[in-house]
Amino acid sequence: MAGRLLIFRRKPAQQGAEAGLSPADQERFRRLVLPHLGAAYNFARFLLRDGPAAEDIVHDAFIRAFNAFPGFRGDNPKAWLFAIVRNLVFSSARAERIRAEVFAPEPAGEGAPAEEDGPEALAIRGSEVQAVRTAIEALPEPFREALVLRELEELSYREVASVTGAPIGTVMSRLSRARQMLAAALSDQEGVRA
Amino acid sequence: MSACADREPMLHGLLDGELDAANALAIEAHVQVCPGCAAELERLRALSRLVRAPGVAYAAPAGLAARIGADLAKDRPPRPRLGRLAPWGLSGVFATIAATLLLVMLGPGGEVRGIEGEVIAGHVRSLQASHLTDVATSDRHTVKPWFNGKIDFAPPVVDLQAQGFPLAGGRLDYLHGRSVAALVFRRRQHVINLFVWPAKPGETLSSHASQGGYSIAWWTRGGLEFWAVSDIDGAELERFSAAYRQATGAA
C-alpha cells in the first residue's frame, strides 16, 4: 500500500522523538497501531478491573505510542502497544496504592469487580459470560494477565513474553496455572461447565 | 484418570498452536492412546471456548476511539495526561503537518504488479518471522471460526490432505491495504500461503505468474479474491488452485 502512496510535505520532518510525526509516520501509525485500540482496552480493562480507569490508560497509552512512534522499529505493533499499556497500568496501580496508603485510613475492598450500569452490563449480568468475566477478574496477577493475553488477545507465547518481560517458560507455567485456577473457579459455579 | 504430568506442557502447547510439526504429531499420537491426556485436552479446549465466547472480552466504549483520534489529529498532540508516571522522555514540540498531508493514489495501471510483489513479500514474511500461523491446526472446523470477528468476510476453509496439500492453519495478515485472511497449506516441505480478501465488485481475475523463484496464482470467486503463493513450481501451484477451487465449489 505505502508503495503506491505519494506524499507531499511542505517541510521536512524533524528527526527523533522530540519532533512531530511525519505524515508518513502518522499514516503508518493509523494503519499499524490504531486498529489495536479495542484489544488494548480489553487488556487494560482486565488488568485494572475498572472501566473508566482502563479508558484513561488506553487514551494515555495511545498518546505516548503516537509520540514515540518515530522510534518504533519492531514488527509487532500490537505487542509494542500492549507493553506501553501494561507499563502505564502498573505505574498507575503503584501510584494509586501509594496515594491510598497516604490518604485513606482503610485499604480498598477485596478486589470485587466494579459494577457497571451500561445496557451491555445489565444484559449480561448473571449470565454465563458474566460468570466467566468475574472468574477471570478474580484470578491473581500475573496469571490473569497471561490468560487474557493468550486466550482473549491471542498473543503467542513469545509475544506474551515480550509484553510482560517474563521468560517463555514462566509464561507457560503462568498460563497453565491460570487455566487450572479458572477451571476450578468455574466448576464451582452453577450453570457453567468448565 | 488424569493427564500425564510430563505431557501437560505439550497439551497446552498443542492447544495454543505453539508446537512444531514433530512435537504436535507426537502429542497427538499420545492423546490417541492415553485417555487421561485426551480428557485433559478436551477440558482445556472447553475452557478455551468458554473464555473466548462472544461478550467475554470487553469492547471499548463508544467514543473512546473518536476522542483518541481527535487528540492525535491536533497539530500539537497533548502531553501524556498521566504525566506524573513513567517518564518516557517524550515531551517536546510536535510540529505535525497533518494539514499538508496529501495522498495521491496511483491509478489501477500498475496495480496487479504491485499486488504480486505484496503477496510474495507477505509469503516471505510469514516464513521469516516464525509467525506462519496464528491458529495452527489441520482441522478446518477450528480454522474457519477462528477468523470470525477478526475480518469482515468468511474465507472458505478446506483441508486438501487427500489431494496432497494438507491444511496447516490460518493467520491474519495485512496486505494490499487491509486485513486479509491467510490460509496455510503444505506441499511436502513447502508452504503455500493463500491470501483471501473481498474482491472489488464486478472484478474477475484469473491468472498466474512466477517472479523471483515464487509461483503465484490468483482468481476471484464468490466476491472474494484469492492469491496463492509458494516456492513450488507453477504447474504444482496450479494443481493446488484447481483442487482448492473444486473443493470449495463443492462445499
# chains A, B, ... in the order shown; residues from 1 in each chain; ligands from 1

call {"tool": "residues_around", "arguments": {"residues": "range 35-43 of chain B", "least_positions_apart": "2", "cutoff": "9 Å", "atoms": "only C-alpha atoms", "output": "list in words"}}
result
Ala183 and Ala194 of chain A; Met1, Ser2, Ala3, Cys4, Arg7, Glu8, Leu11, His12, Leu14, Leu15, His30, Val31, Gln32, Val33, Arg45, Ala46, Leu47 and Ser48 of chain B

call {"tool": "residues_around", "arguments": {"residues": "range 142-146 of chain A", "least_positions_apart": "2", "cutoff": "12 Å", "atoms": "only C-alpha atoms", "output": "CSV table (one decimal) with N, CA, C and O atoms, in the first residue's frame"}}
result
chain,number,residue,atom,x,y,z
A,42,ASN,N,-9.5,-3.9,26.1
A,42,ASN,CA,-9.8,-5.2,26.8
A,42,ASN,C,-8.7,-5.6,27.7
A,42,ASN,O,-9.0,-6.0,28.9
A,43,PHE,N,-7.5,-5.5,27.3
A,43,PHE,CA,-6.3,-5.8,28.1
A,43,PHE,C,-6.3,-5.0,29.3
A,43,PHE,O,-6.2,-5.5,30.5
A,44,ALA,N,-6.4,-3.7,29.2
A,44,ALA,CA,-6.3,-2.7,30.3
A,44,ALA,C,-7.5,-3.0,31.2
A,44,ALA,O,-7.4,-2.9,32.5
A,45,ARG,N,-8.7,-3.3,30.7
A,45,ARG,CA,-9.9,-3.4,31.4
A,45,ARG,C,-9.8,-4.7,32.4
A,45,ARG,O,-10.2,-4.6,33.5
A,46,PHE,N,-9.2,-5.7,31.9
A,46,PHE,CA,-9.0,-6.9,32.7
A,46,PHE,C,-7.9,-6.7,33.7
A,46,PHE,O,-7.9,-7.2,34.8
A,47,LEU,N,-6.8,-6.0,33.3
A,47,LEU,CA,-5.8,-5.7,34.3
A,47,LEU,C,-6.3,-4.9,35.5
A,47,LEU,O,-6.0,-5.1,36.6
A,48,LEU,N,-7.0,-3.8,35.1
A,48,LEU,CA,-7.4,-2.8,36.1
A,48,LEU,C,-8.7,-3.2,36.8
A,48,LEU,O,-9.0,-2.7,37.9
A,49,ARG,N,-9.5,-4.0,36.2
A,49,ARG,CA,-10.9,-4.4,36.7
A,49,ARG,C,-11.7,-3.1,36.9
A,49,ARG,O,-12.5,-3.0,37.9
A,82,PHE,N,0.8,-3.0,23.7
A,82,PHE,CA,0.4,-3.6,24.9
A,82,PHE,C,1.4,-3.4,26.0
A,82,PHE,O,1.1,-3.3,27.2
A,83,ALA,N,2.7,-3.4,25.6
A,83,ALA,CA,3.8,-3.1,26.6
A,83,ALA,C,3.6,-1.7,27.2
A,83,ALA,O,3.8,-1.5,28.4
A,86,ARG,N,0.6,-1.8,29.5
A,86,ARG,CA,0.9,-2.5,30.8
A,86,ARG,C,1.8,-1.7,31.7
A,86,ARG,O,1.5,-1.6,32.9
A,89,VAL,N,-0.4,0.8,33.3
A,89,VAL,CA,-1.3,0.2,34.3
A,89,VAL,C,-0.5,0.0,35.6
A,89,VAL,O,-1.0,0.3,36.7
A,90,PHE,N,0.7,-0.6,35.5
A,90,PHE,CA,1.4,-0.9,36.7
A,90,PHE,C,1.9,0.4,37.4
A,90,PHE,O,2.0,0.4,38.6
A,133,ARG,N,-16.3,-13.7,33.0
A,133,ARG,CA,-15.6,-12.5,33.3
A,133,ARG,C,-15.2,-12.3,34.7
A,133,ARG,O,-14.1,-12.0,35.1
A,134,THR,N,-16.1,-12.6,35.6
A,134,THR,CA,-15.9,-12.5,37.0
A,134,THR,C,-14.8,-13.4,37.5
A,134,THR,O,-13.9,-13.1,38.2
A,135,ALA,N,-14.9,-14.7,36.9
A,135,ALA,CA,-13.8,-15.6,37.3
A,135,ALA,C,-12.5,-15.2,36.8
A,135,ALA,O,-11.5,-15.4,37.5
A,136,ILE,N,-12.4,-14.7,35.6
A,136,ILE,CA,-11.1,-14.2,35.1
A,136,ILE,C,-10.6,-13.0,36.0
A,136,ILE,O,-9.4,-13.0,36.4
A,137,GLU,N,-11.5,-12.1,36.3
A,137,GLU,CA,-11.1,-11.0,37.1
A,137,GLU,C,-10.7,-11.3,38.5
A,137,GLU,O,-9.9,-10.6,39.2
A,138,ALA,N,-11.1,-12.5,39.0
A,138,ALA,CA,-10.8,-12.9,40.3
A,138,ALA,C,-9.4,-13.6,40.3
A,138,ALA,O,-8.8,-13.9,41.4
A,139,LEU,N,-8.8,-13.9,39.1
A,139,LEU,CA,-7.5,-14.6,39.1
A,139,LEU,C,-6.5,-13.6,39.6
A,139,LEU,O,-6.5,-12.4,39.2
A,140,PRO,N,-5.5,-14.0,40.4
A,140,PRO,CA,-4.5,-13.1,40.8
A,140,PRO,C,-3.5,-12.8,39.7
A,140,PRO,O,-3.4,-13.6,38.7
A,148,VAL,N,-5.4,-13.6,29.8
A,148,VAL,CA,-6.1,-12.6,28.9
A,148,VAL,C,-5.3,-12.4,27.6
A,148,VAL,O,-5.8,-12.4,26.5
A,149,LEU,N,-4.0,-12.3,27.7
A,149,LEU,CA,-3.1,-12.1,26.6
A,149,LEU,C,-3.2,-13.3,25.6
A,149,LEU,O,-3.2,-13.1,24.4
A,150,ARG,N,-3.2,-14.5,26.2
A,150,ARG,CA,-3.2,-15.7,25.3
A,150,ARG,C,-4.6,-16.0,24.8
A,150,ARG,O,-4.8,-16.1,23.6
A,151,GLU,N,-5.5,-16.1,25.7
A,151,GLU,CA,-6.9,-16.6,25.2
A,151,GLU,C,-7.7,-15.5,24.6
A,151,GLU,O,-8.4,-15.7,23.6
A,152,LEU,N,-7.7,-14.3,25.1
A,152,LEU,CA,-8.6,-13.3,24.5
A,152,LEU,C,-7.9,-12.5,23.5
A,152,LEU,O,-8.5,-12.1,22.5
A,153,GLU,N,-6.6,-12.2,23.7
A,153,GLU,CA,-5.9,-11.4,22.7
A,153,GLU,C,-5.1,-12.2,21.7
A,153,GLU,O,-4.5,-11.7,20.8
A,154,GLU,N,-5.0,-13.5,22.0
A,154,GLU,CA,-4.4,-14.5,21.1
A,154,GLU,C,-3.0,-14.1,20.7
A,154,GLU,O,-2.5,-14.3,19.6
A,155,LEU,N,-2.2,-13.6,21.7
A,155,LEU,CA,-0.8,-13.5,21.6
A,155,LEU,C,-0.1,-14.8,21.7
A,155,LEU,O,-0.6,-15.7,22.4
A,156,SER,N,1.0,-15.0,20.9
A,156,SER,CA,1.8,-16.2,21.0
A,156,SER,C,2.6,-16.1,22.4
A,156,SER,O,2.7,-15.1,23.0
A,157,TYR,N,3.1,-17.3,22.8
A,157,TYR,CA,3.9,-17.3,24.0
A,157,TYR,C,5.0,-16.3,23.9
A,157,TYR,O,5.3,-15.6,24.9
A,158,ARG,N,5.6,-16.2,22.7
A,158,ARG,CA,6.7,-15.3,22.5
A,158,ARG,C,6.3,-13.8,22.7
A,158,ARG,O,6.9,-13.0,23.3
A,159,GLU,N,5.1,-13.5,22.2
A,159,GLU,CA,4.6,-12.2,22.3
A,159,GLU,C,4.2,-11.9,23.7
A,159,GLU,O,4.4,-10.8,24.2
A,160,VAL,N,3.6,-12.8,24.4
A,160,VAL,CA,3.2,-12.6,25.8
A,160,VAL,C,4.5,-12.4,26.6
A,160,VAL,O,4.6,-11.5,27.5
A,161,ALA,N,5.6,-13.1,26.3
A,161,ALA,CA,6.8,-12.9,27.0
A,161,ALA,C,7.4,-11.5,26.7
A,161,ALA,O,7.9,-10.9,27.6
A,162,SER,N,7.2,-11.1,25.5
A,162,SER,CA,7.8,-9.8,25.2
A,162,SER,C,7.0,-8.7,25.9
A,162,SER,O,7.5,-7.7,26.3
A,163,VAL,N,5.7,-8.8,25.9
A,163,VAL,CA,4.8,-7.8,26.6
A,163,VAL,C,5.1,-7.8,28.1
A,163,VAL,O,5.2,-6.7,28.7
A,164,THR,N,5.2,-8.9,28.7
A,164,THR,CA,5.3,-9.0,30.2
A,164,THR,C,6.7,-9.0,30.7
A,164,THR,O,6.9,-8.9,31.9
A,165,GLY,N,7.7,-9.2,29.8
A,165,GLY,CA,9.1,-9.2,30.2
A,165,GLY,C,9.4,-10.4,31.0
A,165,GLY,O,10.4,-10.5,31.7
A,166,ALA,N,8.7,-11.5,30.8
A,166,ALA,CA,9.0,-12.7,31.5
A,166,ALA,C,9.5,-13.8,30.5
A,166,ALA,O,9.2,-13.7,29.3
A,168,ILE,N,9.8,-17.2,28.4
A,168,ILE,CA,8.7,-18.0,27.9
A,168,ILE,C,8.3,-19.2,28.8
A,168,ILE,O,7.1,-19.5,28.9
A,170,THR,N,8.3,-19.1,32.0
A,170,THR,CA,7.4,-18.5,33.0
A,170,THR,C,6.0,-18.3,32.5
A,170,THR,O,5.0,-18.5,33.1
A,171,VAL,N,6.0,-17.8,31.2
A,171,VAL,CA,4.7,-17.5,30.6
A,171,VAL,C,3.9,-18.8,30.5
A,171,VAL,O,2.7,-18.8,30.9
A,172,MET,N,4.6,-19.9,30.2
A,172,MET,CA,3.8,-21.2,30.0
A,172,MET,C,3.3,-21.7,31.4
A,172,MET,O,2.2,-22.1,31.5
A,173,SER,N,4.1,-21.5,32.4
A,173,SER,CA,3.7,-22.1,33.7
A,173,SER,C,2.6,-21.2,34.3
A,173,SER,O,1.6,-21.6,34.9
A,174,ARG,N,2.7,-19.8,34.0
A,174,ARG,CA,1.6,-19.0,34.5
A,174,ARG,C,0.3,-19.3,33.8
A,174,ARG,O,-0.8,-19.3,34.4
A,175,LEU,N,0.4,-19.5,32.5
A,175,LEU,CA,-0.8,-19.8,31.7
A,175,LEU,C,-1.5,-21.1,32.2
A,175,LEU,O,-2.7,-21.2,32.3
A,176,SER,N,-0.6,-22.1,32.4
A,176,SER,CA,-1.1,-23.4,32.8
A,176,SER,C,-1.8,-23.3,34.2
A,176,SER,O,-2.9,-23.8,34.4
A,177,ARG,N,-1.2,-22.5,35.1
A,177,ARG,CA,-1.8,-22.3,36.4
A,177,ARG,C,-3.1,-21.5,36.3
A,177,ARG,O,-4.0,-21.8,37.0
A,178,ALA,N,-3.1,-20.5,35.4
A,178,ALA,CA,-4.2,-19.7,35.2
A,178,ALA,C,-5.4,-20.5,34.8
A,178,ALA,O,-6.5,-20.4,35.3
A,179,ARG,N,-5.2,-21.4,33.8
A,179,ARG,CA,-6.2,-22.2,33.3
A,179,ARG,C,-6.8,-23.2,34.4
A,179,ARG,O,-8.0,-23.4,34.5
A,180,GLN,N,-5.8,-23.7,35.2
A,180,GLN,CA,-6.2,-24.6,36.3
A,180,GLN,C,-7.1,-23.9,37.3
A,180,GLN,O,-8.2,-24.4,37.7
A,181,MET,N,-6.7,-22.7,37.7
A,181,MET,CA,-7.5,-21.9,38.6
A,181,MET,C,-8.8,-21.5,38.1
A,181,MET,O,-9.8,-21.5,38.8
A,182,LEU,N,-8.8,-21.1,36.8
A,182,LEU,CA,-10.1,-20.7,36.2
A,182,LEU,C,-11.0,-21.8,36.1
A,182,LEU,O,-12.2,-21.7,36.4
B,51,VAL,N,-13.9,-19.1,27.5
B,51,VAL,CA,-13.2,-17.8,27.7
B,51,VAL,C,-13.4,-17.0,26.4
B,51,VAL,O,-13.5,-15.8,26.5

call {"tool": "closest_residue", "arguments": {"among": "B:Val191, B:Leu237, B:Val184, B:Leu44", "to": "chain A", "atoms": "only C-alpha atoms"}}
result
B:Leu44

call {"tool": "residues_around", "arguments": {"residues": "Leu34 in chain A", "least_positions_apart": "4", "cutoff": "10 Å", "atoms": "only C-alpha atoms", "output": "count of residues only"}}
result
14

call {"tool": "closest_residue", "arguments": {"among": "A:Ala54, A:Leu32, A:Ala24, A:Ala184", "to": "Pro61 in chain B", "atoms": "only C-alpha atoms"}}
result
A:Ala54

call {"tool": "select_by_dssp", "arguments": {"residues": "range 210-245 of chain B", "states": "alpha helix (DSSP H)", "output": "ChimeraX atom specification"}}
result
/B:234-245

call {"tool": "write_last_selection", "arguments": {"atoms": "N, CA and C atoms", "output": "PDB file, in the first residue's frame"}}
result
ATOM      1  N   GLY B 234       5.184 -23.673 -10.847  1.00  0.00           N
ATOM      2  CA  GLY B 234       3.904 -23.122 -11.279  1.00  0.00           C
ATOM      3  C   GLY B 234       2.839 -24.175 -11.559  1.00  0.00           C
ATOM      4  N   ALA B 235       3.246 -25.292 -12.171  1.00  0.00           N
ATOM      5  CA  ALA B 235       2.273 -26.331 -12.518  1.00  0.00           C
ATOM      6  C   ALA B 235       1.673 -26.937 -11.254  1.00  0.00           C
ATOM      7  N   GLU B 236       2.535 -27.109 -10.233  1.00  0.00           N
ATOM      8  CA  GLU B 236       2.058 -27.682  -8.985  1.00  0.00           C
ATOM      9  C   GLU B 236       1.107 -26.716  -8.271  1.00  0.00           C
ATOM     10  N   LEU B 237       1.436 -25.444  -8.331  1.00  0.00           N
ATOM     11  CA  LEU B 237       0.577 -24.453  -7.698  1.00  0.00           C
ATOM     12  C   LEU B 237      -0.766 -24.384  -8.419  1.00  0.00           C
ATOM     13  N   GLU B 238      -0.722 -24.577  -9.737  1.00  0.00           N
ATOM     14  CA  GLU B 238      -1.970 -24.628 -10.496  1.00  0.00           C
ATOM     15  C   GLU B 238      -2.831 -25.806 -10.039  1.00  0.00           C
ATOM     16  N   ARG B 239      -2.164 -26.943  -9.765  1.00  0.00           N
ATOM     17  CA  ARG B 239      -2.917 -28.102  -9.258  1.00  0.00           C
ATOM     18  C   ARG B 239      -3.544 -27.770  -7.920  1.00  0.00           C
ATOM     19  N   PHE B 240      -2.777 -27.043  -7.092  1.00  0.00           N
ATOM     20  CA  PHE B 240      -3.320 -26.636  -5.797  1.00  0.00           C
ATOM     21  C   PHE B 240      -4.552 -25.742  -5.996  1.00  0.00           C
ATOM     22  N   SER B 241      -4.415 -24.739  -6.863  1.00  0.00           N
ATOM     23  CA  SER B 241      -5.538 -23.819  -7.086  1.00  0.00           C
ATOM     24  C   SER B 241      -6.768 -24.576  -7.564  1.00  0.00           C
ATOM     25  N   ALA B 242      -6.533 -25.501  -8.493  1.00  0.00           N
ATOM     26  CA  ALA B 242      -7.658 -26.267  -9.039  1.00  0.00           C
ATOM     27  C   ALA B 242      -8.317 -27.100  -7.943  1.00  0.00           C
ATOM     28  N   ALA B 243      -7.482 -27.739  -7.101  1.00  0.00           N
ATOM     29  CA  ALA B 243      -8.016 -28.573  -6.026  1.00  0.00           C
ATOM     30  C   ALA B 243      -8.822 -27.721  -5.041  1.00  0.00           C
ATOM     31  N   TYR B 244      -8.284 -26.549  -4.719  1.00  0.00           N
ATOM     32  CA  TYR B 244      -8.966 -25.668  -3.767  1.00  0.00           C
ATOM     33  C   TYR B 244     -10.286 -25.184  -4.351  1.00  0.00           C
ATOM     34  N   ARG B 245     -10.253 -24.790  -5.620  1.00  0.00           N
ATOM     35  CA  ARG B 245     -11.483 -24.279  -6.241  1.00  0.00           C
ATOM     36  C   ARG B 245     -12.540 -25.370  -6.331  1.00  0.00           C
TER      37      ARG B 245
END

call {"tool": "closest_residue", "arguments": {"among": "A:Pro70, A:Ala79, A:Pro35, A:Val132", "to": "chain B", "atoms": "only C-alpha atoms"}}
result
A:Val132

call {"tool": "residues_around", "arguments": {"residues": "range 168-177 of chain B", "least_positions_apart": "3", "cutoff": "7 Å", "atoms": "only C-alpha atoms", "output": "PyMOL selection string"}}
result
(chain A and resi 1) or (chain B and resi 115+118+133-138+143+180-186)

call {"tool": "write_last_selection", "arguments": {"atoms": "N, CA and C atoms", "output": "PDB file, in the first residue's frame"}}
result
ATOM      1  N   MET A   1       0.839  -1.205   0.000  1.00  0.00           N
ATOM      2  CA  MET A   1       0.000   0.000   0.000  1.00  0.00           C
ATOM      3  C   MET A   1       0.867   1.246   0.000  1.00  0.00           C
TER       4      MET A   1
ATOM      5  N   ILE B 115       0.435  -5.823  -6.414  1.00  0.00           N
ATOM      6  CA  ILE B 115      -0.115  -6.858  -5.549  1.00  0.00           C
ATOM      7  C   ILE B 115       0.770  -8.103  -5.570  1.00  0.00           C
ATOM      8  N   GLU B 118       3.452  -7.584  -3.233  1.00  0.00           N
ATOM      9  CA  GLU B 118       2.985  -7.622  -1.848  1.00  0.00           C
ATOM     10  C   GLU B 118       2.707  -9.047  -1.393  1.00  0.00           C
ATOM     11  N   THR B 133       1.502 -19.272  11.321  1.00  0.00           N
ATOM     12  CA  THR B 133       0.090 -19.455  11.621  1.00  0.00           C
ATOM     13  C   THR B 133      -0.261 -18.851  12.976  1.00  0.00           C
ATOM     14  N   ASP B 134      -1.432 -18.217  13.043  1.00  0.00           N
ATOM     15  CA  ASP B 134      -1.990 -17.778  14.318  1.00  0.00           C
ATOM     16  C   ASP B 134      -2.773 -18.926  14.926  1.00  0.00           C
ATOM     17  N   VAL B 135      -3.391 -19.694  14.066  1.00  0.00           N
ATOM     18  CA  VAL B 135      -4.123 -20.862  14.520  1.00  0.00           C
ATOM     19  C   VAL B 135      -3.560 -22.039  13.722  1.00  0.00           C
ATOM     20  N   ALA B 136      -2.808 -22.892  14.404  1.00  0.00           N
ATOM     21  CA  ALA B 136      -2.099 -23.955  13.714  1.00  0.00           C
ATOM     22  C   ALA B 136      -2.822 -25.270  13.913  1.00  0.00           C
ATOM     23  N   THR B 137      -3.576 -25.668  12.942  1.00  0.00           N
ATOM     24  CA  THR B 137      -4.273 -26.935  13.050  1.00  0.00           C
ATOM     25  C   THR B 137      -4.719 -27.351  11.665  1.00  0.00           C
ATOM     26  N   SER B 138      -4.811 -28.646  11.476  1.00  0.00           N
ATOM     27  CA  SER B 138      -5.299 -29.129  10.196  1.00  0.00           C
ATOM     28  C   SER B 138      -6.815 -29.284  10.229  1.00  0.00           C
ATOM     29  N   VAL B 143     -10.130 -23.716  12.105  1.00  0.00           N
ATOM     30  CA  VAL B 143      -9.570 -22.569  11.389  1.00  0.00           C
ATOM     31  C   VAL B 143     -10.667 -21.583  11.003  1.00  0.00           C
ATOM     32  N   VAL B 180      -6.275  -9.215   5.837  1.00  0.00           N
ATOM     33  CA  VAL B 180      -6.667 -10.304   4.957  1.00  0.00           C
ATOM     34  C   VAL B 180      -6.521 -11.628   5.706  1.00  0.00           C
ATOM     35  N   ALA B 181      -7.218 -12.632   5.208  1.00  0.00           N
ATOM     36  CA  ALA B 181      -7.058 -13.969   5.764  1.00  0.00           C
ATOM     37  C   ALA B 181      -5.925 -14.653   5.012  1.00  0.00           C
ATOM     38  N   ALA B 182      -5.079 -15.371   5.724  1.00  0.00           N
ATOM     39  CA  ALA B 182      -4.070 -16.188   5.078  1.00  0.00           C
ATOM     40  C   ALA B 182      -4.297 -17.628   5.517  1.00  0.00           C
ATOM     41  N   LEU B 183      -4.582 -18.493   4.552  1.00  0.00           N
ATOM     42  CA  LEU B 183      -4.690 -19.919   4.855  1.00  0.00           C
ATOM     43  C   LEU B 183      -3.355 -20.547   4.475  1.00  0.00           C
ATOM     44  N   VAL B 184      -2.888 -21.432   5.343  1.00  0.00           N
ATOM     45  CA  VAL B 184      -1.566 -22.012   5.106  1.00  0.00           C
ATOM     46  C   VAL B 184      -1.719 -23.500   4.787  1.00  0.00           C
ATOM     47  N   PHE B 185      -1.188 -23.891   3.663  1.00  0.00           N
ATOM     48  CA  PHE B 185      -1.200 -25.295   3.251  1.00  0.00           C
ATOM     49  C   PHE B 185       0.243 -25.756   3.100  1.00  0.00           C
ATOM     50  N   ARG B 186       0.423 -27.078   3.159  1.00  0.00           N
ATOM     51  CA  ARG B 186       1.761 -27.610   2.962  1.00  0.00           C
ATOM     52  C   ARG B 186       1.790 -28.505   1.735  1.00  0.00           C
TER      53      ARG B 186
END

call {"tool": "closest_residue", "arguments": {"among": "B:Pro166, B:Arg178, B:Arg221, B:Thr248", "to": "chain A", "atoms": "only C-alpha atoms"}}
result
B:Arg178

call {"tool": "atom_distance", "arguments": {"atom1": "CA of Val157 in chain B", "atom2": "CA of Trp197 in chain B"}}
result
13.2 Å

call {"tool": "atom_distance", "arguments": {"atom1": "CA of His141 in chain B", "atom2": "CA of Tyr58 in chain B"}}
result
25.4 Å

call {"tool": "closest_residue", "arguments": {"among": "B:Ser126, B:Gln211, B:Gln246, B:Gln163", "to": "chain A", "atoms": "only C-alpha atoms"}}
result
B:Ser126

call {"tool": "closest_residue", "arguments": {"among": "A:Glu141, A:Asp188, A:Asp25, A:Asp60", "to": "chain B", "atoms": "only C-alpha atoms"}}
result
A:Asp60

call {"tool": "atom_distance", "arguments": {"atom1": "CA of Phe165 in chain B", "atom2": "CA of Lys200 in chain B"}}
result
28.3 Å
